[in-house]
$ cat input_26.txt   # compact mmCIF, C-alpha atoms
# COMPACT_ATOMS: atom_id res chain seq x y z
CA MET A 1 36.28 37.19 -111.46
CA SER A 2 39.72 38.34 -112.62
CA HIS A 3 42.21 36.49 -114.81
CA ILE A 4 45.57 36.27 -113.02
CA LEU A 5 48.68 35.22 -114.94
CA PHE A 6 51.78 33.92 -113.12
CA ALA A 7 55.22 33.69 -114.77
CA GLY A 8 57.92 31.69 -113.00
CA ILE A 9 60.10 28.71 -113.81
CA ASN A 10 59.24 26.57 -110.75
CA TYR A 11 55.87 24.90 -110.12
CA TRP A 12 54.31 21.64 -108.93
CA PRO A 13 55.24 18.74 -108.93
CA GLU A 14 58.48 20.19 -107.56
CA LEU A 15 58.15 19.66 -103.81
CA SER A 16 60.84 21.96 -102.42
CA GLY A 17 62.25 25.43 -102.88
CA ILE A 18 59.96 28.09 -104.34
CA SER A 19 57.50 25.84 -106.14
CA PRO A 20 55.25 25.04 -103.13
CA TYR A 21 54.64 28.75 -102.50
CA THR A 22 53.82 29.67 -106.10
CA THR A 23 51.65 26.57 -106.44
CA GLY A 24 49.90 27.19 -103.14
CA LEU A 25 49.08 30.80 -103.95
CA ALA A 26 47.91 30.04 -107.50
CA GLU A 27 45.57 27.29 -106.27
CA TYR A 28 44.30 29.45 -103.40
CA LEU A 29 43.42 32.26 -105.80
CA ALA A 30 41.62 29.75 -108.03
CA ASN A 31 39.65 28.54 -105.01
CA CYS A 32 38.72 32.17 -104.29
CA GLY A 33 36.99 32.36 -107.66
CA HIS A 34 39.70 33.84 -109.87
CA ARG A 35 40.78 32.37 -113.16
CA VAL A 36 44.49 31.54 -112.82
CA THR A 37 47.02 30.70 -115.52
CA VAL A 38 50.67 29.83 -114.88
CA ILE A 39 53.48 29.94 -117.44
CA THR A 40 56.25 27.79 -116.06
CA GLY A 41 59.04 25.37 -116.90
CA PHE A 42 59.31 21.61 -116.83
CA PRO A 43 59.82 20.13 -113.32
CA HIS A 44 63.57 19.90 -112.62
CA TYR A 45 64.35 21.07 -109.07
CA PRO A 46 66.21 20.16 -106.87
CA SER A 47 67.73 17.34 -108.96
CA TRP A 48 68.51 19.73 -111.86
CA SER A 49 67.26 17.15 -114.32
CA VAL A 50 63.86 17.13 -116.02
CA ASP A 51 61.27 14.88 -114.38
CA PRO A 52 61.04 11.67 -116.48
CA ALA A 53 57.28 12.14 -116.85
CA TYR A 54 57.91 15.37 -118.79
CA ARG A 55 60.86 14.43 -120.98
CA GLY A 56 60.71 14.46 -124.77
CA GLU A 57 58.30 17.41 -125.01
CA LEU A 58 58.73 21.06 -125.97
CA ARG A 59 55.55 22.26 -124.32
CA ARG A 60 52.60 20.94 -122.38
CA LYS A 61 49.29 22.39 -121.24
CA GLU A 62 47.49 20.88 -118.28
CA THR A 63 44.95 21.80 -115.62
CA ILE A 64 46.02 21.15 -112.03
CA ALA A 65 43.69 21.87 -109.09
CA GLY A 66 41.74 24.40 -111.14
CA VAL A 67 44.84 26.20 -112.46
CA GLU A 68 45.73 26.25 -116.16
CA VAL A 69 49.44 25.39 -116.38
CA ILE A 70 51.38 26.16 -119.57
CA ARG A 71 54.81 24.53 -119.52
CA ARG A 72 57.65 25.57 -121.81
CA ARG A 73 60.84 23.60 -122.33
CA HIS A 74 64.13 25.20 -121.26
CA TYR A 75 67.76 24.28 -120.78
CA VAL A 76 68.58 22.64 -117.42
CA PRO A 77 72.28 22.78 -116.47
CA SER A 78 73.68 19.65 -114.83
CA HIS A 79 76.04 21.82 -112.78
CA GLN A 80 75.97 25.49 -111.88
CA SER A 81 78.02 27.91 -113.96
CA VAL A 82 77.53 31.41 -115.32
CA VAL A 83 77.05 30.08 -118.86
CA GLY A 84 74.68 27.34 -117.74
CA ARG A 85 72.60 29.70 -115.65
CA GLY A 86 72.45 32.16 -118.53
CA LEU A 87 71.14 29.51 -120.93
CA TYR A 88 68.64 28.38 -118.29
CA GLU A 89 67.21 31.90 -118.07
CA VAL A 90 67.36 32.80 -121.76
CA THR A 91 65.71 29.62 -123.03
CA PHE A 92 62.81 29.88 -120.59
CA PHE A 93 62.38 33.55 -121.42
CA ALA A 94 62.44 32.94 -125.19
CA HIS A 95 60.05 29.99 -125.07
CA GLY A 96 57.85 31.75 -122.53
CA LEU A 97 57.37 34.65 -124.96
CA LEU A 98 55.88 32.19 -127.44
CA SER A 99 53.05 31.42 -125.01
CA ARG A 100 49.66 32.81 -125.99
CA PRO A 101 47.43 32.73 -122.91
CA ASP A 102 44.15 34.63 -122.89
CA PRO A 103 44.60 38.31 -121.95
CA PRO A 104 44.98 38.62 -118.15
CA ASP A 105 43.85 41.38 -115.81
CA VAL A 106 47.11 41.28 -113.84
CA VAL A 107 50.48 39.53 -114.15
CA ILE A 108 52.63 38.17 -111.29
CA GLY A 109 56.31 37.43 -111.87
CA VAL A 110 58.13 35.13 -109.46
CA THR A 111 61.88 35.38 -108.95
CA PRO A 112 64.69 34.24 -108.42
CA SER A 113 64.23 33.45 -112.08
CA LEU A 114 65.07 36.71 -113.87
CA SER A 115 63.09 35.40 -116.81
CA GLY A 116 59.95 35.20 -114.65
CA GLY A 117 60.26 38.88 -113.79
CA ALA A 118 61.08 39.87 -117.38
CA LEU A 119 58.12 37.91 -118.76
CA ALA A 120 55.83 39.59 -116.25
CA ARG A 121 56.90 43.06 -117.38
CA ILE A 122 56.59 42.24 -121.09
CA PHE A 123 53.23 40.46 -120.74
CA ALA A 124 51.88 43.38 -118.71
CA ALA A 125 52.97 45.81 -121.44
CA ARG A 126 51.50 43.58 -124.15
CA TRP A 127 48.04 43.68 -122.60
CA HIS A 128 48.31 47.07 -120.85
CA VAL A 129 47.67 45.61 -117.40
CA PRO A 130 49.52 46.03 -114.08
CA TYR A 131 52.11 43.59 -112.85
CA GLY A 132 53.74 42.75 -109.55
CA LEU A 133 56.73 40.67 -108.49
CA ILE A 134 57.18 38.19 -105.67
CA VAL A 135 60.88 38.17 -104.76
CA GLN A 136 62.00 34.90 -103.18
CA ASP A 137 65.73 35.44 -103.87
CA LEU A 138 67.85 38.35 -105.10
CA MET A 139 69.54 37.42 -108.37
CA GLY A 140 72.11 40.22 -108.42
CA ARG A 141 73.23 39.31 -104.93
CA ALA A 142 73.16 35.60 -105.79
CA ALA A 143 75.52 36.07 -108.72
CA LYS A 144 78.02 37.65 -106.36
CA GLN A 145 77.56 35.53 -103.22
CA SER A 146 76.65 31.99 -104.32
CA GLY A 147 80.19 30.83 -105.03
CA MET A 148 79.58 30.27 -108.74
CA ALA A 149 82.76 30.71 -110.76
CA ALA A 150 82.85 34.13 -112.45
CA GLY A 151 79.61 35.06 -110.71
CA GLY A 152 81.11 38.27 -109.38
CA LEU A 153 82.04 39.36 -112.90
CA VAL A 154 78.43 39.29 -114.09
CA ALA A 155 76.77 40.51 -110.88
CA GLY A 156 76.55 44.11 -112.13
CA GLY A 157 74.81 43.10 -115.34
CA VAL A 158 72.40 40.84 -113.47
CA SER A 159 71.55 43.69 -111.09
CA ARG A 160 70.79 45.98 -114.03
CA LEU A 161 68.45 43.39 -115.51
CA GLU A 162 66.87 42.92 -112.11
CA ALA A 163 66.34 46.69 -111.86
CA TRP A 164 64.62 46.63 -115.26
CA THR A 165 62.23 43.85 -114.20
CA VAL A 166 61.11 45.74 -111.08
CA GLY A 167 61.11 49.16 -112.76
CA ARG A 168 57.40 49.35 -113.64
CA ALA A 169 56.05 46.84 -111.13
CA ARG A 170 53.11 48.29 -109.24
CA ALA A 171 54.19 46.38 -106.12
CA VAL A 172 57.07 44.12 -105.11
CA GLY A 173 56.46 41.47 -102.45
CA VAL A 174 59.49 40.32 -100.43
CA VAL A 175 59.78 37.21 -98.28
CA SER A 176 62.36 38.89 -96.03
CA PRO A 177 62.77 42.51 -94.86
CA SER A 178 66.49 42.02 -95.50
CA PHE A 179 65.78 42.36 -99.24
CA VAL A 180 64.48 45.91 -98.90
CA PRO A 181 67.80 47.84 -98.94
CA TYR A 182 68.88 46.15 -102.16
CA LEU A 183 65.55 46.84 -103.85
CA ARG A 184 65.73 50.45 -102.72
CA SER A 185 69.17 50.65 -104.33
CA LEU A 186 67.52 49.55 -107.59
CA GLY A 187 65.13 52.49 -107.39
CA VAL A 188 62.08 50.76 -105.90
CA ARG A 189 60.17 53.11 -103.62
CA SER A 190 59.40 51.91 -100.11
CA SER A 191 55.71 52.50 -100.79
CA ARG A 192 55.80 49.79 -103.46
CA ILE A 193 57.50 47.14 -101.30
CA VAL A 194 55.19 44.72 -99.47
CA ASP A 195 56.16 42.30 -96.71
CA LEU A 196 55.12 38.85 -97.98
CA PRO A 197 56.73 36.16 -95.78
CA ASN A 198 56.41 32.49 -96.69
CA TRP A 199 54.35 30.02 -94.71
CA ASN A 200 54.80 26.44 -93.59
CA VAL A 201 53.83 24.12 -96.44
CA ARG A 202 54.50 20.75 -94.79
CA PRO A 203 51.72 18.51 -93.41
CA ALA A 204 51.34 17.44 -89.79
CA VAL A 205 53.39 14.37 -88.88
CA ALA A 206 51.45 11.10 -88.75
CA ALA A 207 54.26 8.61 -87.98
CA SER A 208 55.89 8.51 -84.55
CA ALA A 209 59.52 9.48 -84.15
CA ALA A 210 60.38 5.90 -83.17
CA GLU A 211 58.75 4.50 -86.32
CA THR A 212 60.58 6.99 -88.53
CA ARG A 213 63.94 6.36 -86.89
CA GLU A 214 63.51 2.63 -87.35
CA ARG A 215 62.50 3.06 -91.00
CA LEU A 216 65.56 5.21 -91.71
CA GLY A 217 67.96 3.02 -89.72
CA TRP A 218 68.92 5.73 -87.24
CA GLY A 219 68.81 3.59 -84.09
CA GLN A 220 70.32 5.29 -81.03
CA ASN A 221 72.54 7.65 -83.00
CA HIS A 222 72.33 11.38 -82.37
CA ILE A 223 70.92 12.53 -85.72
CA VAL A 224 71.98 15.86 -87.21
CA LEU A 225 69.82 16.36 -90.30
CA HIS A 226 70.28 18.75 -93.21
CA ALA A 227 67.22 18.55 -95.47
CA GLY A 228 66.68 20.16 -98.86
CA ASN A 229 68.83 21.42 -101.68
CA MET A 230 72.51 20.48 -101.89
CA GLY A 231 73.90 23.33 -103.95
CA LEU A 232 76.81 25.72 -103.97
CA LYS A 233 75.31 28.26 -101.60
CA GLN A 234 74.74 25.65 -98.87
CA GLY A 235 78.48 25.06 -98.48
CA LEU A 236 77.96 21.52 -97.18
CA GLU A 237 81.66 20.74 -97.32
CA GLN A 238 81.85 22.18 -93.80
CA VAL A 239 79.39 19.52 -92.65
CA LEU A 240 81.61 16.74 -94.01
CA GLU A 241 84.61 18.29 -92.24
CA ALA A 242 82.64 18.39 -88.97
CA ALA A 243 81.82 14.70 -89.56
CA ARG A 244 85.53 13.89 -89.98
CA ILE A 245 86.33 15.58 -86.69
CA SER A 246 83.36 13.92 -84.99
CA ALA A 247 84.30 10.44 -86.21
CA MET A 248 87.36 10.48 -83.96
CA SER A 249 85.70 11.73 -80.77
CA GLU A 250 81.89 11.50 -81.13
CA PRO A 251 81.17 8.38 -83.20
CA LEU A 252 77.47 8.22 -82.19
CA ILE A 253 76.72 11.53 -83.92
CA ARG A 254 75.42 10.83 -87.41
CA PHE A 255 75.18 13.53 -90.08
CA VAL A 256 72.31 12.96 -92.50
CA LEU A 257 72.02 14.84 -95.81
CA LEU A 258 68.51 14.43 -97.21
CA GLY A 259 67.49 15.69 -100.63
CA ASP A 260 69.08 16.39 -103.98
CA GLY A 261 70.98 19.10 -105.79
CA ASN A 262 73.79 19.77 -108.23
CA GLN A 263 76.46 19.20 -105.54
CA ARG A 264 75.11 15.90 -104.19
CA ALA A 265 77.31 13.58 -106.29
CA GLN A 266 80.42 15.57 -105.43
CA LEU A 267 79.55 15.52 -101.72
CA GLN A 268 78.97 11.76 -101.82
CA ARG A 269 82.41 11.26 -103.32
CA ALA A 270 83.97 13.51 -100.68
CA ALA A 271 82.20 11.53 -97.92
CA THR A 272 83.72 8.21 -98.98
CA GLY A 273 84.96 6.40 -95.87
CA LEU A 274 82.89 8.47 -93.42
CA ALA A 275 80.69 5.92 -91.67
CA ASN A 276 78.92 8.68 -89.72
CA VAL A 277 77.50 10.35 -92.84
CA GLN A 278 74.28 9.17 -94.47
CA PHE A 279 72.69 10.39 -97.71
CA LEU A 280 68.94 10.03 -98.20
CA PRO A 281 66.94 10.76 -101.37
CA SER A 282 64.18 13.35 -101.58
CA GLN A 283 61.09 12.31 -99.64
CA SER A 284 57.36 12.68 -100.02
CA ASP A 285 55.81 15.54 -98.04
CA ASP A 286 54.69 13.18 -95.27
CA ASP A 287 58.06 11.39 -95.00
CA TYR A 288 59.97 14.68 -95.17
CA ALA A 289 58.00 16.12 -92.25
CA ALA A 290 58.40 12.87 -90.30
CA ALA A 291 62.18 12.88 -90.82
CA LEU A 292 62.47 16.45 -89.51
CA ALA A 293 60.43 15.63 -86.43
CA ALA A 294 62.46 12.48 -85.71
CA ALA A 295 65.91 14.11 -85.92
CA ASP A 296 67.75 15.35 -82.83
CA VAL A 297 69.10 18.51 -84.47
CA LEU A 298 68.20 20.25 -87.73
CA LEU A 299 71.05 21.82 -89.62
CA LEU A 300 70.91 25.02 -91.67
CA CYS A 301 74.09 25.69 -93.58
CA GLN A 302 75.38 28.41 -95.92
CA ARG A 303 78.65 29.47 -97.50
CA ALA A 304 80.46 32.26 -95.70
CA SER A 305 79.96 34.48 -98.77
CA VAL A 306 76.15 34.32 -98.55
CA ALA A 307 74.84 37.50 -96.92
CA ASP A 308 71.48 38.71 -98.22
CA MET A 309 70.84 36.86 -101.49
CA SER A 310 68.16 34.52 -100.16
CA LEU A 311 66.25 33.11 -97.23
CA PRO A 312 66.26 29.29 -96.91
CA SER A 313 62.76 28.00 -97.61
CA LYS A 314 63.44 25.01 -95.34
CA LEU A 315 63.39 27.27 -92.28
CA THR A 316 59.59 27.29 -92.16
CA SER A 317 59.46 23.48 -92.08
CA TYR A 318 62.30 23.32 -89.57
CA CYS A 319 60.43 25.55 -87.13
CA ALA A 320 57.18 23.60 -87.54
CA ALA A 321 59.02 20.35 -86.73
CA GLY A 322 59.71 21.57 -83.21
CA ARG A 323 63.35 20.48 -83.19
CA PRO A 324 66.39 22.62 -82.24
CA ILE A 325 68.28 24.19 -85.13
CA VAL A 326 72.01 24.78 -85.54
CA ALA A 327 72.67 27.45 -88.17
CA ALA A 328 76.10 27.86 -89.76
CA VAL A 329 75.58 31.30 -91.30
CA ARG A 330 77.08 34.77 -91.48
CA GLY A 331 76.40 36.86 -88.40
CA ASP A 332 75.53 39.91 -90.53
CA GLY A 333 73.33 38.11 -93.05
CA ALA A 334 69.63 37.85 -93.77
CA THR A 335 69.36 34.26 -92.56
CA TYR A 336 70.96 35.11 -89.21
CA ARG A 337 68.45 37.91 -88.67
CA GLU A 338 65.59 35.57 -89.55
CA ILE A 339 66.66 32.81 -87.16
CA GLN A 340 66.96 35.41 -84.41
CA ARG A 341 63.27 36.14 -84.95
CA THR A 342 62.38 32.47 -84.54
CA GLY A 343 64.30 31.95 -81.29
CA ALA A 344 64.80 28.34 -82.37
CA ALA A 345 68.49 28.19 -83.29
CA LEU A 346 72.06 28.29 -82.14
CA ALA A 347 74.12 30.25 -84.66
CA VAL A 348 77.77 29.54 -85.45
CA PRO A 349 80.04 31.18 -88.03
CA ALA A 350 79.73 29.78 -91.54
CA GLY A 351 82.79 27.81 -92.61
CA ASP A 352 83.85 26.80 -89.08
CA PRO A 353 83.27 23.03 -88.73
CA GLU A 354 84.71 22.88 -85.21
CA ALA A 355 82.24 25.52 -83.99
CA LEU A 356 79.48 23.63 -85.78
CA LEU A 357 80.36 20.40 -83.96
CA ASP A 358 80.66 22.22 -80.62
CA ALA A 359 77.11 23.56 -80.97
CA ILE A 360 75.79 20.09 -81.83
CA THR A 361 77.45 18.47 -78.81
CA CYS A 362 76.27 21.28 -76.51
CA LEU A 363 72.68 20.62 -77.48
CA ARG A 364 73.13 16.88 -77.09
CA ASP A 365 74.47 17.40 -73.57
CA ASP A 366 71.77 19.92 -72.60
CA PRO A 367 68.33 18.37 -73.25
CA ALA A 368 66.56 21.27 -71.54
CA GLU A 369 68.08 23.85 -73.91
CA SER A 370 67.38 21.57 -76.85
CA ALA A 371 63.73 21.32 -75.83
CA ARG A 372 63.50 25.09 -75.29
CA LEU A 373 64.75 25.85 -78.78
CA GLY A 374 62.43 23.28 -80.34
CA ALA A 375 59.43 24.70 -78.49
CA ALA A 376 60.35 28.24 -79.58
CA GLY A 377 60.40 27.14 -83.22
CA ALA A 378 57.04 25.39 -82.94
CA SER A 379 55.54 28.47 -81.31
CA TYR A 380 56.91 30.74 -84.03
CA ALA A 381 55.53 28.43 -86.73
CA ALA A 382 52.09 28.44 -85.10
CA THR A 383 51.89 32.22 -84.73
CA ALA A 384 53.82 33.57 -87.74
CA LEU A 385 53.94 30.84 -90.36
CA GLY A 386 50.33 29.71 -90.66
CA SER A 387 49.33 28.81 -94.21
CA THR A 388 45.95 30.55 -94.00
CA GLU A 389 47.54 33.83 -92.96
CA GLY A 390 50.30 33.52 -95.58
CA LEU A 391 47.89 32.73 -98.41
CA GLU A 392 45.60 35.58 -97.39
CA ARG A 393 48.56 37.98 -97.51
CA GLY A 394 49.27 36.73 -101.00
CA ARG A 395 45.65 37.14 -102.09
CA LYS A 396 45.52 40.73 -100.83
CA PHE A 397 48.81 41.47 -102.57
CA VAL A 398 47.52 40.20 -105.92
CA GLU A 399 44.06 41.73 -105.64
CA GLY A 400 45.62 45.03 -104.57
CA LEU A 401 47.33 45.22 -107.95
CA LEU A 402 43.92 45.27 -109.61
CA ALA A 403 42.93 48.51 -107.90
CA PRO A 404 43.46 51.75 -109.84
CA ALA A 405 47.00 53.10 -109.56
CA SER A 406 47.59 56.06 -107.28
CA PRO A 407 47.89 59.28 -109.34
CA ARG A 408 50.88 60.24 -107.19
CA GLU A 409 52.86 57.19 -108.27
CA PRO A 410 55.07 58.39 -111.16
CA ALA A 411 55.70 56.23 -114.20
CA ARG A 412 59.22 54.78 -114.46
$ encode --input "input_26.txt" --output "structure tokens"
Amino acid sequence: MSHILFAGINYWPELSGISPYTTGLAEYLANCGHRVTVITGFPHYPSWSVDPAYRGELRRKETIAGVEVIRRRHYVPSHQSVVGRGLYEVTFFAHGLLSRPDPPDVVIGVTPSLSGGALARIFAARWHVPYGLIVQDLMGRAAKQSGMAAGGLVAGGVSRLEAWTVGRARAVGVVSPSFVPYLRSLGVRSSRIVDLPNWNVRPAVAASAAETRERLGWGQNHIVLHAGNMGLKQGLEQVLEAARISAMSEPLIRFVLLGDGNQRAQLQRAATGLANVQFLPSQSDDDYAAALAAADVLLLCQRASVADMSLPSKLTSYCAAGRPIVAAVRGDGATYREIQRTGAALAVPAGDPEALLDAITCLRDDPAESARLGAAGASYAATALGSTEGLERGRKFVEGLLAPASPREPAR
């Protein structure tokens, strides 16, 4: 039995974003007989406020599903800015260094938190053990593409820190092949990069679509649902503009924004007077999956500046729901290439609300095409996004780090 140490700022009970994948892999490894410890932050995503059950503490240690979880307090910005994000990273890194877990046999850092990667490298050096990284988002690219004020000014420095975190990693797992060119530019050899796609983490739907639509008050409206984080990189202002156009000509189309995020309050203010826009709070896993399955169209949205910084985690759940997807994304970006693989989406240019509305109405008026796209997504989820396969890939990645290093792999 090996002792595996994870370092990353997101973990259960956060239900969206990166947390379900880190949590799932940690618990799976524990079930396989390993001892697993996680150094993480206090639950705060996607609301960007600390979960009330964890407030008023500087640290907490708990055991969850066989995993030892060491939580360290850190700054949580109420809105995204370069200064706020910097404090978020630095405080978790500083407090994380104070953790004193038992010596591990291998360390796994989880990004997009730079501090997770940095802690992994330092912990590995402290105990003279190998470390690997699981890259869910690219932080250097995010600083430049997310739309955060002054993000472009610090992108170079973030990339240099990112290069340092991966510099001595024995292996780097990526959730999208689109991340590979950037990692190669940081000096990571192709032989150290491992394809590690995410899996579907949502449960099967128990409630019928009719029951869910009645519960949510959707009636006979044509429901266009965006579920998940409402942040800068989603660029959801274009959805509100599409709703304004639709209100004059297609009043039965309802745009539903489900979830939380640092832009939610601003979006709600901007939607004042739009009767065809509905905001819903974050849902339980069961209700989230039911809402996706009951919608007519699922919406994936990004700012026009977003190219290859991330891959939306919601895409796995969207495909599993078996509903058609409309994706407002860049045609040369990582997300566009991923949705092409699924065969489940109509793509329109990011930042073009009229094109977005045209795609929605085309699917409404063509039930056969809508059904074809939904079936393609369900098929892709069944064949490529199975949780067993995804967790097994993760297990092999982690256990592979425990093997002796190749003598031909030079030290960096």
$ closest_atom_pairs --input "input_26.txt" --of "segment 309-403 of chain A" --to "segment 236-257 of chain A" --cutoff "12 Å" --atoms "all atoms listed in the file" --output "JSON lines"
{"residue": "A:Val326", "atom": "CA", "partner": "A:Val239", "partner_atom": "CA", "distance": 11.5}
{"residue": "A:Ala327", "atom": "CA", "partner": "A:Val239", "partner_atom": "CA", "distance": 11.3}
{"residue": "A:Ala328", "atom": "CA", "partner": "A:Gln238", "partner_atom": "CA", "distance": 9.0}
{"residue": "A:Val329", "atom": "CA", "partner": "A:Gln238", "partner_atom": "CA", "distance": 11.3}
{"residue": "A:Val348", "atom": "CA", "partner": "A:Gln238", "partner_atom": "CA", "distance": 11.9}
{"residue": "A:Pro349", "atom": "CA", "partner": "A:Gln238", "partner_atom": "CA", "distance": 10.8}
{"residue": "A:Ala350", "atom": "CA", "partner": "A:Gln238", "partner_atom": "CA", "distance": 8.2}
{"residue": "A:Gly351", "atom": "CA", "partner": "A:Gln238", "partner_atom": "CA", "distance": 5.8}
{"residue": "A:Asp352", "atom": "CA", "partner": "A:Gln238", "partner_atom": "CA", "distance": 6.9}
{"residue": "A:Pro353", "atom": "CA", "partner": "A:Ala242", "partner_atom": "CA", "distance": 4.7}
{"residue": "A:Glu354", "atom": "CA", "partner": "A:Ala242", "partner_atom": "CA", "distance": 6.2}
{"residue": "A:Ala355", "atom": "CA", "partner": "A:Ala242", "partner_atom": "CA", "distance": 8.7}
{"residue": "A:Leu356", "atom": "CA", "partner": "A:Ala242", "partner_atom": "CA", "distance": 6.9}
{"residue": "A:Leu357", "atom": "CA", "partner": "A:Ala242", "partner_atom": "CA", "distance": 5.9}
{"residue": "A:Asp358", "atom": "CA", "partner": "A:Ala242", "partner_atom": "CA", "distance": 9.4}
{"residue": "A:Ala359", "atom": "CA", "partner": "A:Ala242", "partner_atom": "CA", "distance": 11.0}
{"residue": "A:Ile360", "atom": "CA", "partner": "A:Ile253", "partner_atom": "CA", "distance": 8.9}
{"residue": "A:Thr361", "atom": "CA", "partner": "A:Glu250", "partner_atom": "CA", "distance": 8.6}
{"residue": "A:Leu363", "atom": "CA", "partner": "A:Ile253", "partner_atom": "CA", "distance": 11.9}
{"residue": "A:Arg364", "atom": "CA", "partner": "A:Ile253", "partner_atom": "CA", "distance": 9.4}
$ closest_residue --input "input_26.txt" --among "A:His74, A:Arg184, A:His3, A:His226" --to "Thr40 of chain A" --atoms "all atoms listed in the file"
A:His74
$ residues_around --input "input_26.txt" --residues "Ser317 of chain A" --least-positions-apart "3" --cutoff "9 Å" --atoms "only C-alpha atoms" --output "list of chain:residue names"
A:Trp199, A:Asn200, A:Val201, A:Arg202, A:Ala289, A:Leu292, A:Ser313, A:Lys314, A:Ala320, A:Ala321, A:Ala381
$ residues_around --input "input_26.txt" --residues "Tyr380 of chain A" --least-positions-apart "2" --cutoff "9 Å" --atoms "all atoms listed in the file" --output "PyMOL selection string"
chain A and resi 319-320+341-344+375-378+382-385
$ atom_distance --input "input_26.txt" --atom1 "atom CA of Val188 of chain A" --atom2 "atom CA of Pro112 of chain A"
16.9 Å
$ closest_residue --input "input_26.txt" --among "A:Gly331, A:Pro43, A:Pro281, A:Gly116" --to "Glu14 of chain A" --atoms "all atoms listed in the file"
A:Pro43
$ atom_distance --input "input_26.txt" --atom1 "atom CA of Val306 of chain A" --atom2 "atom CA of Pro177 of chain A"
16.1 Å
$ residues_around --input "input_26.txt" --residues "Phe123 of chain A" --least-positions-apart "3" --cutoff "12 Å" --atoms "only C-alpha atoms" --output "ChimeraX atom specification"
/A:4-7,39,93,96-109,115-120,126-132,165,169
$ atom_distance --input "input_26.txt" --atom1 "atom CA of Gln234 of chain A" --atom2 "atom CA of Leu300 of chain A"
8.2 Å
$ closest_residue --input "input_26.txt" --among "A:Val83, A:Ile223, A:Ala265, A:Ala291" --to "Val277 of chain A" --atoms "only C-alpha atoms"
A:Ile223
$ residues_around --input "input_26.txt" --residues "segment 204-213 of chain A" --least-positions-apart "3" --cutoff "8 Å" --atoms "only C-alpha atoms" --output "ChimeraX atom specification"
/A:216-219,286,289-291,293-294
$ write_last_selection --input "input_26.txt" --atoms "C-alpha atoms" --output "PDB file, in the frame of the given file"
ATOM      1  CA  LEU A 216      65.560   5.210 -91.710  1.00  0.00           C
ATOM      2  CA  GLY A 217      67.960   3.020 -89.720  1.00  0.00           C
ATOM      3  CA  TRP A 218      68.920   5.730 -87.240  1.00  0.00           C
ATOM      4  CA  GLY A 219      68.810   3.590 -84.090  1.00  0.00           C
ATOM      5  CA  ASP A 286      54.690  13.180 -95.270  1.00  0.00           C
ATOM      6  CA  ALA A 289      58.000  16.120 -92.250  1.00  0.00           C
ATOM      7  CA  ALA A 290      58.400  12.870 -90.300  1.00  0.00           C
ATOM      8  CA  ALA A 291      62.180  12.880 -90.820  1.00  0.00           C
ATOM      9  CA  ALA A 293      60.430  15.630 -86.430  1.00  0.00           C
ATOM     10  CA  ALA A 294      62.460  12.480 -85.710  1.00  0.00           C
TER      11      ALA A 294
END
$ closest_residue --input "input_26.txt" --among "A:Ser47, A:Ser178, A:Ser387, A:Gln268" --to "Gln80 of chain A" --atoms "all atoms listed in the file"
A:Ser47
$ closest_residue --input "input_26.txt" --among "A:Val166, A:Ala171, A:Ala30, A:Val90" --to "Ser2 of chain A" --atoms "only C-alpha atoms"
A:Ala30
$ closest_residue --input "input_26.txt" --among "A:Gly41, A:Gly228, A:Gly156, A:Gly33" --to "Leu299 of chain A" --atoms "all atoms listed in the file"
A:Gly228
$ residues_around --input "input_26.txt" --residues "Thr22 of chain A" --least-positions-apart "2" --cutoff "8 Å" --atoms "all atoms listed in the file" --output "NGL selection string"
:A and (10-11 or 18-20 or 24-26 or 110)
$ build_atoms --input "input_26.txt" --residues "segment 233-241 of chain A" --atoms "N, CA and C atoms" --output "mmCIF file, in the frame of the given file"
data_model
loop_
_atom_site.group_PDB
_atom_site.id
_atom_site.type_symbol
_atom_site.label_atom_id
_atom_site.label_comp_id
_atom_site.auth_asym_id
_atom_site.auth_seq_id
_atom_site.Cartn_x
_atom_site.Cartn_y
_atom_site.Cartn_z
ATOM 1 N N LYS A 233 75.469 27.279 -102.668
ATOM 2 C CA LYS A 233 75.310 28.260 -101.600
ATOM 3 C C LYS A 233 75.165 27.616 -100.229
ATOM 4 N N GLN A 234 74.844 26.310 -100.167
ATOM 5 C CA GLN A 234 74.740 25.650 -98.870
ATOM 6 C C GLN A 234 76.107 25.383 -98.231
ATOM 7 N N GLY A 235 77.144 25.274 -99.027
ATOM 8 C CA GLY A 235 78.480 25.060 -98.480
ATOM 9 C C GLY A 235 78.570 23.842 -97.578
ATOM 10 N N LEU A 236 78.056 22.707 -98.032
ATOM 11 C CA LEU A 236 77.960 21.520 -97.180
ATOM 12 C C LEU A 236 79.291 20.815 -96.962
ATOM 13 N N GLU A 237 80.345 21.298 -97.599
ATOM 14 C CA GLU A 237 81.660 20.740 -97.320
ATOM 15 C C GLU A 237 82.024 20.899 -95.841
ATOM 16 N N GLN A 238 81.555 21.974 -95.224
ATOM 17 C CA GLN A 238 81.850 22.180 -93.800
ATOM 18 C C GLN A 238 81.175 21.140 -92.927
ATOM 19 N N VAL A 239 80.060 20.580 -93.393
ATOM 20 C CA VAL A 239 79.390 19.520 -92.650
ATOM 21 C C VAL A 239 80.229 18.239 -92.712
ATOM 22 N N LEU A 240 80.764 17.935 -93.883
ATOM 23 C CA LEU A 240 81.610 16.740 -94.010
ATOM 24 C C LEU A 240 82.869 16.881 -93.162
ATOM 25 N N GLU A 241 83.422 18.088 -93.078
ATOM 26 C CA GLU A 241 84.610 18.290 -92.240
ATOM 27 C C GLU A 241 84.256 18.115 -90.773
#
